[in-house]
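Undergrad: So here's upload.cif (mmCIF, C-alpha atoms).
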data_target
loop_
_atom_site.label_atom_id
_atom_site.label_comp_id
_atom_site.auth_asym_id
_atom_site.auth_seq_id
_atom_site.Cartn_x
_atom_site.Cartn_y
_atom_site.Cartn_z
CA MET A 1 57.71 -108.66 -97.65
CA ARG A 2 60.18 -106.11 -96.30
CA LEU A 3 58.09 -103.25 -97.70
CA GLU A 4 54.95 -104.72 -96.12
CA LYS A 5 56.69 -105.01 -92.78
CA ASN A 6 57.89 -101.42 -92.96
CA ASN A 7 54.38 -100.26 -93.77
CA GLN A 8 53.04 -102.08 -90.74
CA ASN A 9 55.67 -100.46 -88.55
CA GLN A 10 54.74 -97.08 -89.93
CA THR A 11 51.04 -97.50 -89.20
CA GLN A 12 51.53 -98.48 -85.56
CA PRO A 13 52.49 -94.96 -84.35
CA MET A 14 49.41 -93.64 -86.16
CA ASP A 15 47.27 -96.07 -84.19
CA LEU A 16 48.78 -94.86 -80.94
CA LYS A 17 48.32 -91.28 -82.02
CA LYS A 18 44.67 -91.93 -82.73
CA MET A 19 44.26 -93.71 -79.42
CA PHE A 20 45.76 -91.00 -77.23
CA LEU A 21 45.60 -87.76 -79.20
CA GLU A 22 42.54 -87.85 -81.45
CA ARG A 23 39.54 -87.03 -79.31
CA PRO A 24 36.32 -88.83 -80.36
CA ALA A 25 33.73 -86.48 -81.83
CA HIS A 26 31.13 -87.42 -79.19
CA ASN A 27 33.38 -86.50 -76.23
CA PHE A 28 32.48 -83.49 -74.11
CA LYS A 29 35.74 -81.56 -74.31
CA ALA A 30 35.34 -79.70 -71.01
CA ILE A 31 34.59 -82.96 -69.19
CA ASP A 32 37.85 -84.44 -70.46
CA GLY A 33 39.55 -81.45 -68.86
CA ILE A 34 37.76 -81.94 -65.56
CA ARG A 35 38.66 -85.64 -65.56
CA ALA A 36 42.33 -84.90 -66.26
CA ILE A 37 42.48 -82.25 -63.53
CA ALA A 38 40.82 -84.66 -61.10
CA VAL A 39 43.38 -87.41 -61.58
CA LEU A 40 46.37 -85.02 -61.54
CA TRP A 41 45.01 -83.42 -58.37
CA VAL A 42 44.64 -86.80 -56.68
CA ILE A 43 48.17 -87.84 -57.69
CA ILE A 44 49.72 -84.62 -56.36
CA PHE A 45 47.73 -85.05 -53.15
CA HIS A 46 49.03 -88.61 -52.73
CA VAL A 47 52.62 -87.55 -53.47
CA TRP A 48 52.22 -85.18 -50.56
CA ILE A 49 50.31 -87.35 -48.10
CA PHE A 50 52.35 -90.55 -48.56
CA GLN A 51 55.55 -88.67 -47.73
CA HIS A 52 54.12 -86.45 -44.99
CA ASN A 53 55.02 -88.66 -42.06
CA THR A 54 58.55 -89.15 -43.44
CA TYR A 55 59.16 -85.41 -43.81
CA PRO A 56 56.59 -83.83 -41.45
CA ASP A 57 58.51 -80.59 -40.86
CA LEU A 58 58.72 -79.90 -44.58
CA LEU A 59 55.37 -81.16 -45.83
CA GLY A 60 53.45 -80.02 -42.78
CA LYS A 61 53.96 -76.45 -43.99
CA VAL A 62 51.88 -77.13 -47.10
CA ALA A 63 48.65 -77.09 -45.11
CA GLN A 64 49.55 -73.67 -43.68
CA ASN A 65 50.50 -72.06 -46.96
CA PRO A 66 47.46 -70.32 -48.50
CA PHE A 67 48.87 -70.89 -51.99
CA LEU A 68 49.45 -74.62 -51.42
CA VAL A 69 46.41 -75.63 -49.36
CA TRP A 70 44.75 -76.92 -52.53
CA ILE A 71 47.26 -79.77 -52.51
CA THR A 72 45.88 -81.03 -49.18
CA LYS A 73 42.37 -80.86 -50.62
CA GLY A 74 43.11 -83.42 -53.31
CA ASP A 75 40.39 -85.63 -51.89
CA LEU A 76 37.99 -83.31 -53.72
CA GLY A 77 39.43 -84.71 -56.93
CA VAL A 78 37.39 -87.83 -56.17
CA ASP A 79 34.26 -85.68 -56.00
CA LEU A 80 35.16 -84.35 -59.46
CA PHE A 81 35.26 -87.95 -60.67
CA PHE A 82 31.88 -88.60 -59.09
CA VAL A 83 30.29 -85.60 -60.79
CA ILE A 84 31.48 -86.40 -64.29
CA SER A 85 30.83 -90.12 -63.88
CA GLY A 86 27.27 -89.40 -62.75
CA PHE A 87 26.75 -87.11 -65.71
CA LEU A 88 28.17 -89.44 -68.36
CA ILE A 89 26.50 -92.63 -67.14
CA GLY A 90 23.29 -90.76 -66.36
CA THR A 91 23.26 -89.39 -69.91
CA ILE A 92 23.56 -92.90 -71.34
CA LEU A 93 20.74 -94.22 -69.15
CA PHE A 94 18.35 -91.31 -69.69
CA LYS A 95 18.89 -91.39 -73.46
CA GLU A 96 18.08 -95.10 -73.58
CA TYR A 97 15.07 -94.69 -71.33
CA LYS A 98 13.79 -91.73 -73.37
CA ARG A 99 14.07 -93.80 -76.55
CA ALA A 100 12.75 -97.15 -75.32
CA GLN A 101 10.87 -96.30 -72.10
CA THR A 102 12.91 -99.01 -70.42
CA LEU A 103 16.52 -100.04 -69.88
CA ASN A 104 18.41 -103.12 -71.00
CA PHE A 105 19.79 -104.07 -67.61
CA LYS A 106 21.83 -106.98 -68.94
CA SER A 107 23.53 -104.81 -71.55
CA PHE A 108 24.19 -102.00 -69.08
CA TYR A 109 25.83 -104.20 -66.45
CA LEU A 110 27.81 -106.09 -69.08
CA ARG A 111 29.16 -102.81 -70.44
CA ARG A 112 30.14 -101.66 -66.96
CA PHE A 113 31.82 -104.99 -66.20
CA LEU A 114 33.88 -105.05 -69.40
CA ARG A 115 34.77 -101.39 -69.05
CA LEU A 116 35.98 -101.53 -65.44
CA PHE A 117 36.73 -105.02 -64.19
CA PRO A 118 39.49 -106.46 -66.45
CA VAL A 119 42.06 -103.74 -65.72
CA TYR A 120 40.85 -103.60 -62.10
CA PHE A 121 41.51 -107.33 -61.67
CA PHE A 122 44.93 -106.96 -63.32
CA SER A 123 45.73 -104.19 -60.83
CA MET A 124 44.72 -106.44 -57.94
CA ILE A 125 47.21 -109.05 -59.15
CA ILE A 126 50.21 -106.76 -59.64
CA ALA A 127 49.47 -105.07 -56.32
CA LEU A 128 50.67 -108.28 -54.64
CA PHE A 129 54.17 -107.30 -55.76
CA PHE A 130 54.04 -103.54 -55.28
CA LEU A 131 52.34 -103.55 -51.87
CA HIS A 132 54.20 -106.58 -50.47
CA GLY A 133 54.42 -107.08 -46.70
CA ALA A 134 51.42 -105.76 -44.74
CA GLY A 135 49.79 -104.45 -47.91
CA ALA A 136 49.82 -107.81 -49.65
CA GLU A 137 48.52 -109.54 -46.52
CA LYS A 138 45.30 -107.63 -47.03
CA TRP A 139 44.69 -109.94 -49.99
CA VAL A 140 42.42 -111.93 -47.65
CA THR A 141 39.92 -109.08 -48.01
CA ALA A 142 40.18 -109.04 -51.83
CA TRP A 143 36.74 -110.65 -52.02
CA SER A 144 35.36 -107.24 -51.03
CA ASN A 145 37.09 -105.67 -54.03
CA LEU A 146 35.65 -108.32 -56.35
CA LEU A 147 32.17 -107.53 -55.02
CA TYR A 148 32.77 -103.76 -54.96
CA VAL A 149 31.98 -103.47 -51.24
CA ASN A 150 35.56 -102.80 -50.09
CA ASN A 151 34.61 -99.32 -48.87
CA TYR A 152 32.66 -101.01 -46.05
CA VAL A 153 35.46 -103.44 -45.09
CA PHE A 154 37.97 -102.05 -42.60
CA LYS A 155 41.51 -101.84 -44.02
CA SER A 156 40.51 -103.66 -47.18
CA TYR A 157 42.86 -104.62 -50.00
CA MET A 158 43.82 -101.70 -52.29
CA GLY A 159 42.08 -99.28 -49.95
CA TRP A 160 42.30 -96.36 -52.39
CA THR A 161 39.76 -98.09 -54.67
CA TRP A 162 36.96 -97.28 -52.23
CA SER A 163 35.66 -94.66 -54.66
CA LEU A 164 35.21 -97.29 -57.38
CA ALA A 165 33.11 -99.31 -54.95
CA ILE A 166 30.87 -96.29 -54.35
CA GLU A 167 30.42 -95.75 -58.07
CA GLU A 168 29.51 -99.37 -58.77
CA GLN A 169 27.10 -99.57 -55.84
CA PHE A 170 25.44 -96.40 -57.11
CA TYR A 171 25.16 -97.76 -60.64
CA ILE A 172 23.66 -101.00 -59.44
CA VAL A 173 20.82 -98.98 -57.94
CA ILE A 174 20.28 -96.04 -60.32
CA PRO A 175 18.94 -98.01 -63.34
CA PHE A 176 16.22 -99.52 -61.14
CA LEU A 177 15.31 -96.08 -59.82
CA ILE A 178 15.02 -94.73 -63.37
CA VAL A 179 12.79 -97.57 -64.55
CA PHE A 180 10.66 -98.34 -61.51
CA LEU A 181 10.65 -95.25 -59.26
CA PHE A 182 11.31 -92.33 -61.58
CA PRO A 183 8.04 -92.66 -63.59
CA LYS A 184 5.97 -92.46 -60.39
CA PHE A 185 7.01 -88.84 -59.86
CA ARG A 186 5.38 -86.32 -62.16
CA LYS A 187 7.52 -83.63 -60.56
CA LYS A 188 10.97 -85.15 -60.83
CA TRP A 189 12.56 -82.47 -58.67
CA ILE A 190 10.81 -83.97 -55.63
CA LEU A 191 12.59 -87.31 -56.06
CA PHE A 192 15.90 -85.63 -56.80
CA SER A 193 15.53 -83.40 -53.73
CA VAL A 194 14.80 -86.32 -51.41
CA LEU A 195 17.76 -88.28 -52.75
CA ALA A 196 20.00 -85.20 -52.41
CA ILE A 197 18.97 -84.50 -48.81
CA ILE A 198 19.59 -88.05 -47.53
CA PRO A 199 23.44 -87.94 -47.55
CA VAL A 200 23.38 -84.46 -45.99
CA VAL A 201 21.19 -85.66 -43.11
CA LEU A 202 23.28 -88.80 -42.63
CA THR A 203 26.53 -86.83 -42.73
CA TYR A 204 25.18 -84.59 -39.97
CA TYR A 205 24.15 -87.62 -37.91
CA TYR A 206 27.55 -89.31 -38.29
CA SER A 207 29.67 -86.21 -37.73
CA VAL A 208 27.71 -84.87 -34.74
CA HIS A 209 26.03 -87.82 -33.01
CA ILE A 210 28.30 -90.76 -33.78
CA PHE A 211 31.82 -89.28 -33.95
CA ASN A 212 31.29 -85.88 -32.33
CA PHE A 213 33.93 -84.36 -34.61
CA GLU A 214 35.78 -81.19 -33.75
CA ILE A 215 36.88 -79.30 -36.85
CA PRO A 216 39.66 -78.99 -37.85
CA TYR A 217 40.05 -82.71 -37.21
CA ASN A 218 43.83 -82.46 -36.70
CA ARG A 219 44.33 -86.20 -36.85
CA GLU A 220 47.80 -87.69 -37.26
CA ILE A 221 47.92 -89.05 -40.81
CA PHE A 222 47.46 -92.85 -40.84
CA GLY A 223 47.17 -92.89 -37.03
CA GLU A 224 44.44 -94.82 -35.22
CA GLU A 225 42.02 -91.89 -35.00
CA TRP A 226 42.66 -91.04 -38.63
CA GLN A 227 41.98 -94.65 -39.62
CA GLU A 228 38.72 -94.57 -37.70
CA TRP A 229 37.69 -91.39 -39.52
CA PHE A 230 38.79 -92.69 -42.90
CA TRP A 231 37.20 -96.15 -42.78
CA GLY A 232 34.19 -95.34 -40.63
CA TYR A 233 33.09 -92.01 -42.08
CA TYR A 234 34.96 -90.73 -45.12
CA MET A 235 34.30 -93.52 -47.63
CA LEU A 236 30.76 -94.70 -46.91
CA THR A 237 28.46 -94.74 -49.93
CA HIS A 238 25.40 -93.41 -48.12
CA LEU A 239 27.44 -90.34 -47.12
CA ARG A 240 29.28 -89.81 -50.41
CA TYR A 241 26.88 -90.45 -53.30
CA GLY A 242 25.86 -86.77 -53.51
CA GLY A 243 28.47 -86.00 -56.16
CA LEU A 244 27.26 -88.85 -58.36
CA LEU A 245 23.66 -87.74 -57.91
CA SER A 246 24.49 -84.16 -58.90
CA GLY A 247 25.90 -85.48 -62.16
CA VAL A 248 22.80 -87.61 -62.75
CA ILE A 249 20.55 -84.57 -62.19
CA ALA A 250 22.58 -82.62 -64.76
CA ALA A 251 22.28 -85.58 -67.15
CA TYR A 252 18.50 -85.60 -66.76
CA ILE A 253 18.33 -81.91 -67.63
CA HIS A 254 20.76 -82.40 -70.53
CA VAL A 255 18.75 -85.26 -72.06
CA ASN A 256 15.18 -84.24 -71.29
CA HIS A 257 15.24 -80.46 -70.99
CA SER A 258 18.15 -79.26 -73.12
CA GLU A 259 15.95 -76.58 -74.68
CA LYS A 260 15.25 -75.15 -71.24
CA ALA A 261 18.97 -75.16 -70.48
CA VAL A 262 19.67 -73.31 -73.71
CA HIS A 263 16.91 -70.79 -72.95
CA PHE A 264 18.21 -70.25 -69.42
CA PHE A 265 21.78 -69.52 -70.45
CA GLU A 266 20.78 -67.42 -73.46
CA HIS A 267 17.94 -65.37 -71.97
CA LYS A 268 18.63 -65.35 -68.23
CA THR A 269 22.11 -63.97 -68.69
CA LYS A 270 22.31 -61.93 -65.50
CA LEU A 271 21.19 -64.82 -63.34
CA SER A 272 23.29 -67.40 -65.18
CA ASN A 273 26.38 -65.18 -65.04
CA PHE A 274 25.84 -64.62 -61.33
CA LEU A 275 25.57 -68.38 -60.77
CA ILE A 276 28.69 -68.99 -62.86
CA VAL A 277 30.66 -66.52 -60.74
CA LEU A 278 29.17 -67.99 -57.54
CA SER A 279 30.09 -71.52 -58.64
CA LEU A 280 33.65 -70.53 -59.52
CA ALA A 281 34.00 -68.69 -56.20
CA SER A 282 32.60 -71.67 -54.27
CA PHE A 283 35.07 -73.96 -56.01
CA ALA A 284 37.98 -71.66 -55.12
CA ILE A 285 36.92 -71.17 -51.48
CA ILE A 286 36.26 -74.84 -50.74
CA THR A 287 39.60 -75.90 -52.24
CA SER A 288 41.36 -73.27 -50.11
CA LEU A 289 40.04 -74.25 -46.67
CA SER A 290 41.83 -77.04 -44.83
CA LEU A 291 39.67 -79.16 -42.55
CA GLY A 292 42.70 -80.80 -40.98
CA GLN A 293 41.73 -84.29 -42.07
CA ALA A 294 44.85 -84.70 -44.23
CA ALA A 295 47.28 -82.92 -41.88
CA PRO A 296 47.07 -81.07 -38.56
CA VAL A 297 46.78 -77.29 -38.96
CA GLU A 298 47.99 -74.75 -36.42
CA GLU A 299 45.92 -71.85 -37.73
CA SER A 300 42.44 -72.20 -39.19
CA ILE A 301 39.41 -70.05 -39.83
CA PHE A 302 37.37 -72.81 -38.20
CA TYR A 303 38.90 -71.97 -34.81
CA GLU A 304 37.25 -68.55 -34.95
CA LEU A 305 33.83 -69.46 -36.36
CA PRO A 306 30.81 -70.56 -34.29
CA LYS A 307 30.59 -74.34 -33.89
CA LYS A 308 27.17 -74.46 -35.57
CA PHE A 309 28.61 -72.87 -38.70
CA VAL A 310 31.58 -75.24 -38.68
CA VAL A 311 29.28 -78.25 -38.42
CA CYS A 312 27.11 -76.87 -41.22
CA TYR A 313 30.17 -76.44 -43.43
CA GLU A 314 31.34 -80.00 -42.81
CA VAL A 315 27.88 -81.36 -43.62
CA ILE A 316 27.29 -79.51 -46.89
CA HIS A 317 30.66 -78.48 -48.32
CA ARG A 318 31.05 -81.54 -50.55
CA GLU A 319 27.53 -81.12 -51.87
CA LEU A 320 28.17 -77.43 -52.54
CA PHE A 321 31.41 -78.31 -54.28
CA SER A 322 29.72 -80.94 -56.44
CA TYR A 323 26.83 -78.71 -57.52
CA ALA A 324 29.25 -75.85 -58.21
CA VAL A 325 31.22 -78.17 -60.51
CA VAL A 326 27.98 -79.36 -62.14
CA PHE A 327 26.91 -75.81 -62.90
CA ILE A 328 30.36 -74.92 -64.30
CA MET A 329 30.18 -78.05 -66.45
CA MET A 330 26.68 -77.23 -67.73
CA ALA A 331 27.75 -73.65 -68.41
CA CYS A 332 30.63 -74.98 -70.51
CA LEU A 333 28.15 -77.05 -72.50
CA TYR A 334 25.43 -74.42 -72.95
CA SER A 335 26.61 -70.90 -72.14
CA LYS A 336 28.29 -68.44 -74.50
CA SER A 337 29.05 -66.01 -71.70
CA ARG A 338 32.39 -64.23 -71.73
CA ILE A 339 32.78 -65.31 -68.10
CA ILE A 340 32.71 -69.03 -68.81
CA LYS A 341 34.50 -68.87 -72.18
CA PRO A 342 38.09 -68.83 -70.80
CA VAL A 343 37.18 -71.64 -68.39
CA ASN A 344 35.70 -73.68 -71.22
CA THR A 345 38.70 -72.99 -73.44
CA PHE A 346 41.09 -74.09 -70.70
CA LEU A 347 39.17 -77.27 -69.87
CA SER A 348 38.84 -78.13 -73.56
CA ALA A 349 42.60 -77.96 -74.20
CA LYS A 350 43.87 -80.88 -76.27
CA ILE A 351 46.55 -81.71 -73.72
CA PHE A 352 43.92 -82.93 -71.26
CA TYR A 353 42.49 -85.65 -73.50
CA PRO A 354 45.37 -88.18 -73.25
CA ILE A 355 45.46 -87.65 -69.49
CA ALA A 356 41.70 -88.25 -69.31
CA LYS A 357 42.17 -91.33 -71.50
CA ILE A 358 44.49 -93.03 -68.99
CA SER A 359 42.81 -91.61 -65.86
CA TYR A 360 41.17 -94.87 -64.77
CA SER A 361 44.31 -96.98 -65.11
CA ILE A 362 46.54 -94.36 -63.55
CA TYR A 363 44.14 -94.08 -60.60
CA LEU A 364 44.35 -97.84 -60.10
CA PHE A 365 48.15 -98.04 -60.34
CA HIS A 366 49.66 -94.89 -58.86
CA VAL A 367 49.14 -95.58 -55.14
CA MET A 368 50.70 -99.05 -55.16
CA PHE A 369 53.61 -97.65 -57.17
CA MET A 370 54.12 -94.85 -54.63
CA GLU A 371 54.02 -97.22 -51.68
CA TRP A 372 56.69 -99.35 -53.36
CA LEU A 373 58.81 -96.48 -54.70
CA PHE A 374 58.92 -93.83 -51.97
CA PRO A 375 60.66 -95.81 -49.19
CA MET A 376 63.19 -97.19 -51.66
CA ILE A 377 64.14 -93.80 -53.16
CA SER A 378 64.13 -92.07 -49.78
CA GLU A 379 66.50 -94.65 -48.30
CA TYR A 380 68.81 -94.58 -51.33
CA ALA A 381 68.95 -90.76 -51.57
CA GLU A 382 69.20 -90.04 -47.84
CA GLY A 383 72.30 -87.95 -47.18
CA SER A 384 72.95 -87.11 -50.83
CA LEU A 385 69.75 -85.12 -51.47
CA THR A 386 67.81 -82.69 -49.30
CA SER A 387 64.33 -83.61 -48.06
CA LEU A 388 62.78 -81.24 -50.59
CA GLN A 389 64.77 -82.78 -53.43
CA ILE A 390 63.76 -86.29 -52.39
CA VAL A 391 60.09 -85.28 -52.28
CA PHE A 392 60.31 -83.86 -55.80
CA VAL A 393 62.25 -86.84 -57.15
CA ASN A 394 59.68 -89.21 -55.69
CA GLY A 395 56.88 -87.13 -57.16
CA ILE A 396 58.35 -86.91 -60.66
CA ILE A 397 59.30 -90.60 -60.88
CA SER A 398 55.93 -91.72 -59.55
CA LEU A 399 54.08 -89.49 -62.01
CA VAL A 400 56.13 -90.52 -65.05
CA GLY A 401 56.12 -94.20 -64.08
CA SER A 402 52.38 -94.19 -63.43
CA VAL A 403 51.69 -92.52 -66.78
CA VAL A 404 53.79 -95.07 -68.66
CA VAL A 405 52.26 -98.10 -66.95
CA ALA A 406 48.74 -96.66 -67.23
CA ALA A 407 49.23 -96.08 -70.96
CA LEU A 408 50.29 -99.72 -71.36
CA MET A 409 47.25 -100.85 -69.38
CA VAL A 410 45.04 -98.84 -71.71
CA ILE A 411 46.67 -100.27 -74.83
CA PHE A 412 46.70 -103.92 -73.78
CA ILE A 413 43.72 -104.22 -71.44
CA GLU A 414 41.28 -101.31 -71.44
CA ASP A 415 40.95 -100.75 -75.19
CA PRO A 416 40.73 -104.44 -76.20
CA PHE A 417 37.97 -105.03 -73.66
CA ASN A 418 36.24 -101.82 -74.72
CA THR A 419 36.23 -103.17 -78.26
CA LEU A 420 34.78 -106.44 -76.98
CA LYS A 421 32.21 -104.48 -75.00
CA ASN A 422 31.11 -102.57 -78.08
CA THR A 423 30.92 -105.77 -80.11
CA LEU A 424 28.83 -107.68 -77.57
CA THR A 425 26.44 -104.83 -76.82
CA SER A 426 26.05 -103.39 -80.33
CA LYS A 427 22.94 -105.50 -81.06
CA LYS A 428 19.79 -103.88 -79.70
#
Show this structure as structure tokens.
TA:
Amino acid sequence: MRLEKNNQNQTQPMDLKKMFLERPAHNFKAIDGIRAIAVLWVIIFHVWIFQHNTYPDLLGKVAQNPFLVWITKGDLGVDLFFVISGFLIGTILFKEYKRAQTLNFKSFYLRRFLRLFPVYFFSMIIALFFLHGAGAEKWVTAWSNLLYVNNYVFKSYMGWTWSLAIEEQFYIVIPFLIVFLFPKFRKKWILFSVLAIIPVVLTYYYSVHIFNFEIPYNREIFGEEWQEWFWGYYMLTHLRYGGLLSGVIAAYIHVNHSEKAVHFFEHKTKLSNFLIVLSLASFAIITSLSLGQAAPVEESIFYELPKKFVVCYEVIHRELFSYAVVFIMMACLYSKSRIIKPVNTFLSAKIFYPIAKISYSIYLFHVMFMEWLFPMISEYAEGSLTSLQIVFVNGIISLVGSVVVAALMVIFIEDPFNTLKNTLTSKK
């Protein structure tokens, strides 16, 4: 019996190693890298923004430093999530539709529910402790989280989960479009173009005619004007689904026209290389320009540019960012160019897989942990540590703590329900 017990203890670490270190054969390696970068980017952004008002003189300089501006653009990490989510879910749907000429709606929604909701509901419960006070009082709006409409409810519970609401609303609609609307278009690009233009037009209408934004926004973080921008403009599905759609378009090409993608990258090398460079440059430029929505900026290129250009940039920059990421992603999958090879190698690094594995749980947990941790550490360390040291201590503890808790959530909630999901939906 002792030998049997020892053997069981020896196999457990192997199970954890397989869970977090052994990448499944069907995974797109580069996409794991993009997912990991997205969640790390968002965490770093939140470390900065949730301490900004406590240490404005120190952290306000980040937005003015050309080498650190990317930190203030961490909101684009959500757009990265949208792109890869659209691609992965779109691939599943288009493959099923291609095989069966229909979709099993019941199976699809059951898979989504078992994949996302159990750990989401657990997070809603523990947030009662970590948010406490005013945060916990928002529990009265938790119904909006349960229905995934919290992005349309002002100051809703667990406000940072607005992006999950957008994803679920999008995935309620997209299967119906694929089955009932998609077949009516012989030229699919027409439908995709119309769907892609809608959020651009609406963004223009909101930014110019409803809010009359001046860019840079230069709103005080978490102030009344910032709240109005955040809840009334930033997180609305009809303005933000462009990233998800770009991923779905890539999925359609990947599933239905992979041979054309191969031909393009192999035989149109000059054009494909040019587009790779353009996409990488667009990514770099957009992540380096502060719009002032996360922190006021004293100096900005937008002060010098014509207003029409500034408005145009605001309206299309997220779409440009998303399609640049999509093209980089597709190049990683299909191109053998020397230009994309180092990018692909970097994104495919093994270290990114475990981070990607816990990305959903860490996204759910890290904000509530920061809101609980930062005031406590700052008060305790005041006078014994400098502001910079406190910021770094808060950042390191929040990152390590979030990783540990997220890993536990994966082990005890996500993976068991994923196994149940696979069991219940395995029968065709």
Undergrad: Residues within 8 Å of stretch 277-288 of chain A, please, as a list of chain:residue names. Count only C-alpha atoms; anything in the same chain fewer than 4 positions from it doesn't count.
TA: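 Neighbouring residues, sequence-local ones excluded: A:Pro66, A:Val69, A:Trp70, A:Lys73, A:Leu76, A:Asn273, A:His317, A:Leu320, A:Phe321, A:Tyr323, A:Ala324, A:Val325, A:Phe327, A:Ile328, A:Ile339.
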Undergrad: Determine the nearest neighbour of A:Leu291 from the options A:Ala63, A:Val391, A:Ile44, A:Ala30, counting only C-alpha atoms.
TA: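 Under the stated criterion, the closest residue is A:Ala63.
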Undergrad: Could you list the residues chosen by the PyMOL selection byres ((chain A and resi 333) around 10) in this structure as an mmCIF file with C-alpha atoms, keeping the file's coordinate frame?
TA:
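out.cif written:
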data_model
loop_
_atom_site.group_PDB
_atom_site.id
_atom_site.type_symbol
_atom_site.label_atom_id
_atom_site.label_comp_id
_atom_site.auth_asym_id
_atom_site.auth_seq_id
_atom_site.Cartn_x
_atom_site.Cartn_y
_atom_site.Cartn_z
ATOM 1 C CA PHE A 28 32.480 -83.490 -74.110
ATOM 2 C CA LYS A 29 35.740 -81.560 -74.310
ATOM 3 C CA ALA A 30 35.340 -79.700 -71.010
ATOM 4 C CA ILE A 31 34.590 -82.960 -69.190
ATOM 5 C CA HIS A 254 20.760 -82.400 -70.530
ATOM 6 C CA ALA A 261 18.970 -75.160 -70.480
ATOM 7 C CA VAL A 262 19.670 -73.310 -73.710
ATOM 8 C CA PHE A 327 26.910 -75.810 -62.900
ATOM 9 C CA ILE A 328 30.360 -74.920 -64.300
ATOM 10 C CA MET A 329 30.180 -78.050 -66.450
ATOM 11 C CA MET A 330 26.680 -77.230 -67.730
ATOM 12 C CA ALA A 331 27.750 -73.650 -68.410
ATOM 13 C CA CYS A 332 30.630 -74.980 -70.510
ATOM 14 C CA TYR A 334 25.430 -74.420 -72.950
ATOM 15 C CA SER A 335 26.610 -70.900 -72.140
ATOM 16 C CA LYS A 336 28.290 -68.440 -74.500
ATOM 17 C CA ILE A 340 32.710 -69.030 -68.810
ATOM 18 C CA ASN A 344 35.700 -73.680 -71.220
#
Undergrad: Which residue is closest to A:His366? Choose from A:Phe50, A:Phe417, A:Phe176, A:Phe392 and count only C-alpha atoms.
TA: A:Phe50
Undergrad: So, with only C-alpha atoms as the atoms that count, which of A:Ile215, A:Val119, A:Ile276, A:Val255 lies closest to A:Phe309?
TA: A:Ile215
Undergrad: What residues have an atom no more than 12 Å from (39.5, -105.4, -74.3) in the file's own frame, counting all atoms listed in the file, and can you write them as a list in words?
TA: Arg111, Phe113, Leu114, Arg115, Leu116, Phe117, Pro118, Val119, Met409, Val410, Ile411, Phe412, Ile413, Glu414, Asp415, Pro416, Phe417, Asn418, Thr419, Leu420, Lys421, Asn422, Thr423 and Leu424 of chain A
Undergrad: Please identify all polymer residues within 8 Å of A:Ile166, counting all atoms listed in the file, omitting same-chain residues fewer than 5 positions from it, and present them as a list in words.
TA: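 Skipping anything fewer than 5 positions along the chain leaves Tyr148, Val149, Asn151, Leu236, Thr237, Arg240 and Tyr241 of chain A.
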Undergrad: How would you write, as a ChimeraX atom specification, the residues chosen by the PyMOL selection byres ((chain A and resi 206) around 12) on this structure?
TA: /A:199-205,207-213,229,232-234,236,238-239,311,314-315
Undergrad: Please provide the set of residues having any atom within 9 Å of stretch 380-388 of chain A, restricted to only C-alpha atoms, with same-chain residues fewer than 6 positions apart removed, written as a VMD selection string.
TA: chain A and resid 55 58 to 59
Undergrad: Run the PyMOL selection byres ((chain A and resi 361) around 8) mentally over the shown coordinates, then write out the matched residues as number ranges by chain, using the chain letters and numbers from the document.
TA: A: 119, 358-360, 362-365, 406-407, 409-410
Undergrad: Can you tell me which residues surround stretch 137-146 of chain A at a distance of at most 10 Å, considering only C-alpha atoms, apart from same-chain residues fewer than 4 positions away, and format the answer as a list of chain:residue names?
TA: A:Phe117, A:Tyr120, A:Phe121, A:Met124, A:Ile125, A:Ala127, A:Leu128, A:Leu131, A:His132, A:Gly133, A:Asn150, A:Asn151, A:Tyr152, A:Val153, A:Phe154, A:Lys155, A:Ser156, A:Tyr157, A:Met158, A:Gly159, A:Thr161, A:Trp162, A:Leu164, A:Ala165
Undergrad: Which is closest to A:Pro56 among A:Ile397, A:Val343, A:Ile221, A:Leu40, if we use all atoms listed in the file?
TA: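 Closest residue, counting all atoms listed in the file: A:Ile221.
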Undergrad: Have a look at atom CA of A:Phe185 and atom CA of A:Phe81 and let me know their distance in Å, one decimal.
TA: 28.3 Å
Undergrad: Using atom CA of A:Pro354 and atom CA of A:Ile43 as the two end points, give the distance in Å to one decimal.
TA: 15.8 Å
Undergrad: Mind giving me the straight-line distance from atom CA of A:Lys17 to atom CA of A:Asp32 in Å, one decimal?
TA: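 So the answer is 17.0 Å.
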Undergrad: Measuring between all atoms listed in the file, which one of A:Pro24, A:Ile178, A:Val367, A:Gly86 shows the shortest distance to A:Val248?
TA: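 Among A:Pro24, A:Ile178, A:Val367, A:Gly86, it is A:Gly86 that comes nearest to A:Val248.
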Undergrad: Using all atoms listed in the file, can you tell me which of A:Leu191, A:Ile126, A:Ala100, A:Ile249 comes closest to A:Ser322?
TA: A:Ile249
Undergrad: Counting all atoms listed in the file, write as a short mmCIF file (atom, residue, chain, number, x, y, z; two decimals) with C-alpha atoms, in the frame of the given file all protein and nucleic acid residues lying at most 12 Å from (53.5, -72.7, -42.3) in the file's frame.
TA:
data_model
loop_
_atom_site.label_atom_id
_atom_site.label_comp_id
_atom_site.auth_asym_id
_atom_site.auth_seq_id
_atom_site.Cartn_x
_atom_site.Cartn_y
_atom_site.Cartn_z
CA PRO A 56 56.59 -83.83 -41.45
CA ASP A 57 58.51 -80.59 -40.86
CA LEU A 58 58.72 -79.90 -44.58
CA LEU A 59 55.37 -81.16 -45.83
CA GLY A 60 53.45 -80.02 -42.78
CA LYS A 61 53.96 -76.45 -43.99
CA VAL A 62 51.88 -77.13 -47.10
CA ALA A 63 48.65 -77.09 -45.11
CA GLN A 64 49.55 -73.67 -43.68
CA ASN A 65 50.50 -72.06 -46.96
CA PRO A 66 47.46 -70.32 -48.50
CA PHE A 67 48.87 -70.89 -51.99
CA LEU A 68 49.45 -74.62 -51.42
CA VAL A 69 46.41 -75.63 -49.36
CA ALA A 295 47.28 -82.92 -41.88
CA PRO A 296 47.07 -81.07 -38.56
CA VAL A 297 46.78 -77.29 -38.96
CA GLU A 298 47.99 -74.75 -36.42
CA GLU A 299 45.92 -71.85 -37.73
CA SER A 300 42.44 -72.20 -39.19
#
